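Comments concern the structure below.
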Amino acid sequence: NNADATKLAAVLRASLASERPAATGASSGAGNGTSAGATTPRASTSTAMTATSSGTSSMSSQSAGDAVQKSSEPSTGGQIQADPATNSLIITAPPPLYRQLRAVIDKLDGRRAEVLVECLIAEVDTDKAAQFGIQWQALLGNSGNNVGLLGSNFTNGGTNLFTLATDIKAGTVPASSAGGNFGIAHKINGVFTLGALANLLQSTGDGNVLSTPTLLTLDNEEAKIVVGQNVPFVTGQYTNNNTSNGSVNPFTTVTRQDVGITLRVKPQISEDGTIKLTIYQEVSALQASTLNNLNGPTTTIRSIASTVVVKDGNLVVLGGLMQDNYSGSQQKVPLLGDVPVLGALFRSNTRERTKTDLMVFLRPIVVRTGDESDALTLSRYDLMRGVQQSAQPATSITTPVNGAPVMAPQTVPAGSASVPAPLQAPGLAGTWGGAPASATMAPVTGSTPVSGASNLRTAPGSAEPAPVLPHDQYPH
């Protein structure tokens, strides 16, 4: 019922491989039922038994020289064969050897434990920028055909002064820079000309991303979850000129890649309750400012590939990134831009600072029995059902669509085991924390929901932090 018959047959054949040379040297002519060199002659008949992975067996008597009937699907291998269609084992062996093989099958055909892996990805971004610059131009007078001109213009603090002046002269509305713009225009020969422009801008941006991919897999089996988009990227372009009718057939080749969250994990449960996890975690996204680029969009990627050992139910940090970037730009008129106070009339400054804090956490939970699996499933089911109930639309007469889908309620069996709360409680905008608690989920003792961007549950802080011990003083 649990093991794969094809894989189990390979294991059993490997265990008998060391006994076959001895049996071959001890007997010859096994096909006609005679033996040589053996103290006890082998019987002319043997017992053929068929064992399935569910534990049933059947016995039949046949001649030792008769071959086992082969089919197109099952794998062959001497005394032990597997039928993939029914997940059954076909064993042809004497009763003592069959009993030994059956004991091995009973050990290997048990229910395997499962592991629920919860990965929490938290990223906080802060972006601050400021710019200040003054540009001006003025006529110094004219002498015959010569006109004197004095001024300054810069390109790092927004739109250039000459570009704006050209638009005004042409009678169009100029596209000014973002932020506060203060300008002075004067009339020359009946035409208004922009003479001075001051630009001030201060911007801030914050981002808070919290993702929790979760998947359940068998012990020692790799599992993968991908949540995102399959985005096309241009790999080549070709134009076919059809000379017969003069038509042009453009041809573009693309390749598609997954962009989003990817989690691939393989757990291995040890006897002492620890879990060895081989993990690959990736978070990728498209940069919005590059979506219309001719060469295709640019993607940001953050990935971790690691192997860790964690206790059942414990939280471990896989890694993270704390990045603090600063960039500044200044354009000025030499010497004049360095004059205190008045030098601001001859320079333009731009500054930007970006901070990124990224942490990736992981928590494995071992599920050993069917009751634990049912309790875990019901707890997560109740949470999602609570979110659907909290997201019901308000009653409206003008738009009489007053209901949204809600999953059917499930009965919680008596005596269900309690399961840990999820790392992130589900919710929608305006309904954070509004989902009712699961009937089978044990509350986190001392935890408090974090108000604001999300309701991530945090462990209670201790009165005094644990002291940091030297490496040689840690308990082993």
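Convention: chains lettered A, B, ... in structure tokens order; per-chain residue numbering from 1; ligands numbered from 1 as shown.
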
Residues near Asn208 (chain A), anyone? I mean within 12 Å using only C-alpha atoms, not counting same-chain ones fewer than 5 positions away, as an MDAnalysis selection string. chainID A and resid 121:127 355:359 452:454

Residues near region 309-317 of chain A, anyone? I mean within 12 Å using only C-alpha atoms, not counting same-chain ones fewer than 3 positions away, as a ChimeraX atom specification. /A:114-122,266-279,304,306,320-321,358-368,419-423,458-459

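Taking CA of Gln331 (chain A) as the reference point, CA of Gly195 (chain A) is found at 19.0 Å.
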
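Considering only region 223-391 of chain A, backbone DSSP assigns alpha helix (DSSP H) to Gly370, Asp371, Glu372, Ser373, Asp374, Ala375, Leu376, Thr377, Leu378, Ser379, Arg380, Tyr381, Asp382, Leu383, Met384, Arg385, Gly386, Val387, Gln388, Gln389 and Ser390 of chain A.
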
Which residues are close to Arg112 (chain A), i.e. within 9 Å by only C-alpha atoms, leaving aside same-chain residues fewer than 2 positions away? Reply as number ranges by chain. A: 2-3, 109-110, 114, 218-219, 368-369

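Put simply, CA of Pro213 (chain A) is 15.6 Å away from CA of Thr377 (chain A).
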
What is the distance between CA of Thr235 (chain A) and CA of Asn293 (chain A), in Å to one decimal? 13.6 Å

Residues of region 277-309 of chain A in strand (DSSP E or B) according to DSSP, as a compact mmCIF listing (two decimals) with N, CA, C and O atoms, in the first residue's frame?
# COMPACT_ATOMS: atom_id res chain seq x y z
N LEU A 277 17.53 19.06 5.82
CA LEU A 277 16.81 19.68 4.72
C LEU A 277 17.81 20.17 3.67
O LEU A 277 18.73 20.93 3.97
N THR A 278 17.62 19.70 2.44
CA THR A 278 18.35 20.23 1.30
C THR A 278 17.42 21.20 0.58
O THR A 278 16.37 20.79 0.05
N ILE A 279 17.77 22.46 0.55
CA ILE A 279 16.84 23.52 0.17
C ILE A 279 17.40 24.34 -0.97
O ILE A 279 18.60 24.63 -1.04
N TYR A 280 16.50 24.71 -1.88
CA TYR A 280 16.78 25.75 -2.86
C TYR A 280 15.57 26.68 -2.88
O TYR A 280 14.44 26.25 -3.13
N GLN A 281 15.81 27.94 -2.56
CA GLN A 281 14.73 28.92 -2.50
C GLN A 281 15.11 30.13 -3.35
O GLN A 281 16.24 30.61 -3.31
N GLU A 282 14.15 30.60 -4.15
CA GLU A 282 14.42 31.69 -5.09
C GLU A 282 13.23 32.64 -5.13
O GLU A 282 12.07 32.21 -5.16
N VAL A 283 13.54 33.92 -5.13
CA VAL A 283 12.53 34.97 -5.31
C VAL A 283 13.00 35.87 -6.44
O VAL A 283 14.08 36.46 -6.36
N SER A 284 12.22 35.95 -7.49
CA SER A 284 12.56 36.79 -8.65
C SER A 284 11.38 37.67 -8.99
O SER A 284 10.22 37.34 -8.73
N ALA A 285 11.67 38.82 -9.59
CA ALA A 285 10.62 39.77 -9.96
C ALA A 285 11.08 40.60 -11.14
O ALA A 285 12.29 40.76 -11.39
N LEU A 286 10.12 41.12 -11.88
CA LEU A 286 10.40 42.00 -13.02
C LEU A 286 10.50 43.44 -12.55
O LEU A 286 9.70 43.89 -11.72
N THR A 299 15.19 41.35 -14.62
CA THR A 299 14.64 40.67 -13.45
C THR A 299 15.62 40.77 -12.28
O THR A 299 16.83 40.73 -12.46
N THR A 300 15.06 40.91 -11.09
CA THR A 300 15.85 40.81 -9.86
C THR A 300 15.68 39.41 -9.30
O THR A 300 14.59 38.83 -9.37
N ILE A 301 16.71 38.86 -8.75
CA ILE A 301 16.67 37.49 -8.26
C ILE A 301 17.40 37.41 -6.92
O ILE A 301 18.46 38.03 -6.75
N ARG A 302 16.83 36.66 -6.00
CA ARG A 302 17.42 36.38 -4.70
C ARG A 302 17.23 34.89 -4.44
O ARG A 302 16.09 34.43 -4.36
N SER A 303 18.31 34.17 -4.31
CA SER A 303 18.22 32.71 -4.18
C SER A 303 19.16 32.23 -3.09
O SER A 303 20.18 32.86 -2.80
N ILE A 304 18.77 31.11 -2.49
CA ILE A 304 19.55 30.45 -1.44
C ILE A 304 19.55 28.96 -1.74
O ILE A 304 18.49 28.36 -1.95
N ALA A 305 20.73 28.35 -1.74
CA ALA A 305 20.88 26.91 -1.85
C ALA A 305 21.70 26.45 -0.65
O ALA A 305 22.86 26.87 -0.50
N SER A 306 21.11 25.61 0.20
CA SER A 306 21.77 25.25 1.45
C SER A 306 21.27 23.91 1.93
O SER A 306 20.25 23.39 1.47
N THR A 307 22.00 23.35 2.90
CA THR A 307 21.62 22.13 3.59
C THR A 307 21.74 22.39 5.09
O THR A 307 22.82 22.79 5.57
N VAL A 308 20.65 22.21 5.82
CA VAL A 308 20.62 22.51 7.25
C VAL A 308 20.01 21.34 8.01
O VAL A 308 19.34 20.47 7.42
N VAL A 309 20.23 21.32 9.31
CA VAL A 309 19.64 20.33 10.21
C VAL A 309 18.82 21.09 11.25
O VAL A 309 19.34 21.97 11.94

List the spatial neighbours of Thr252 (chain A) as a PyMOL selection string - criterion: any atom at most 12 Å away, only C-alpha atoms, same-chain residues fewer than 3 positions off excluded. chain A and resi 232-240+249+255
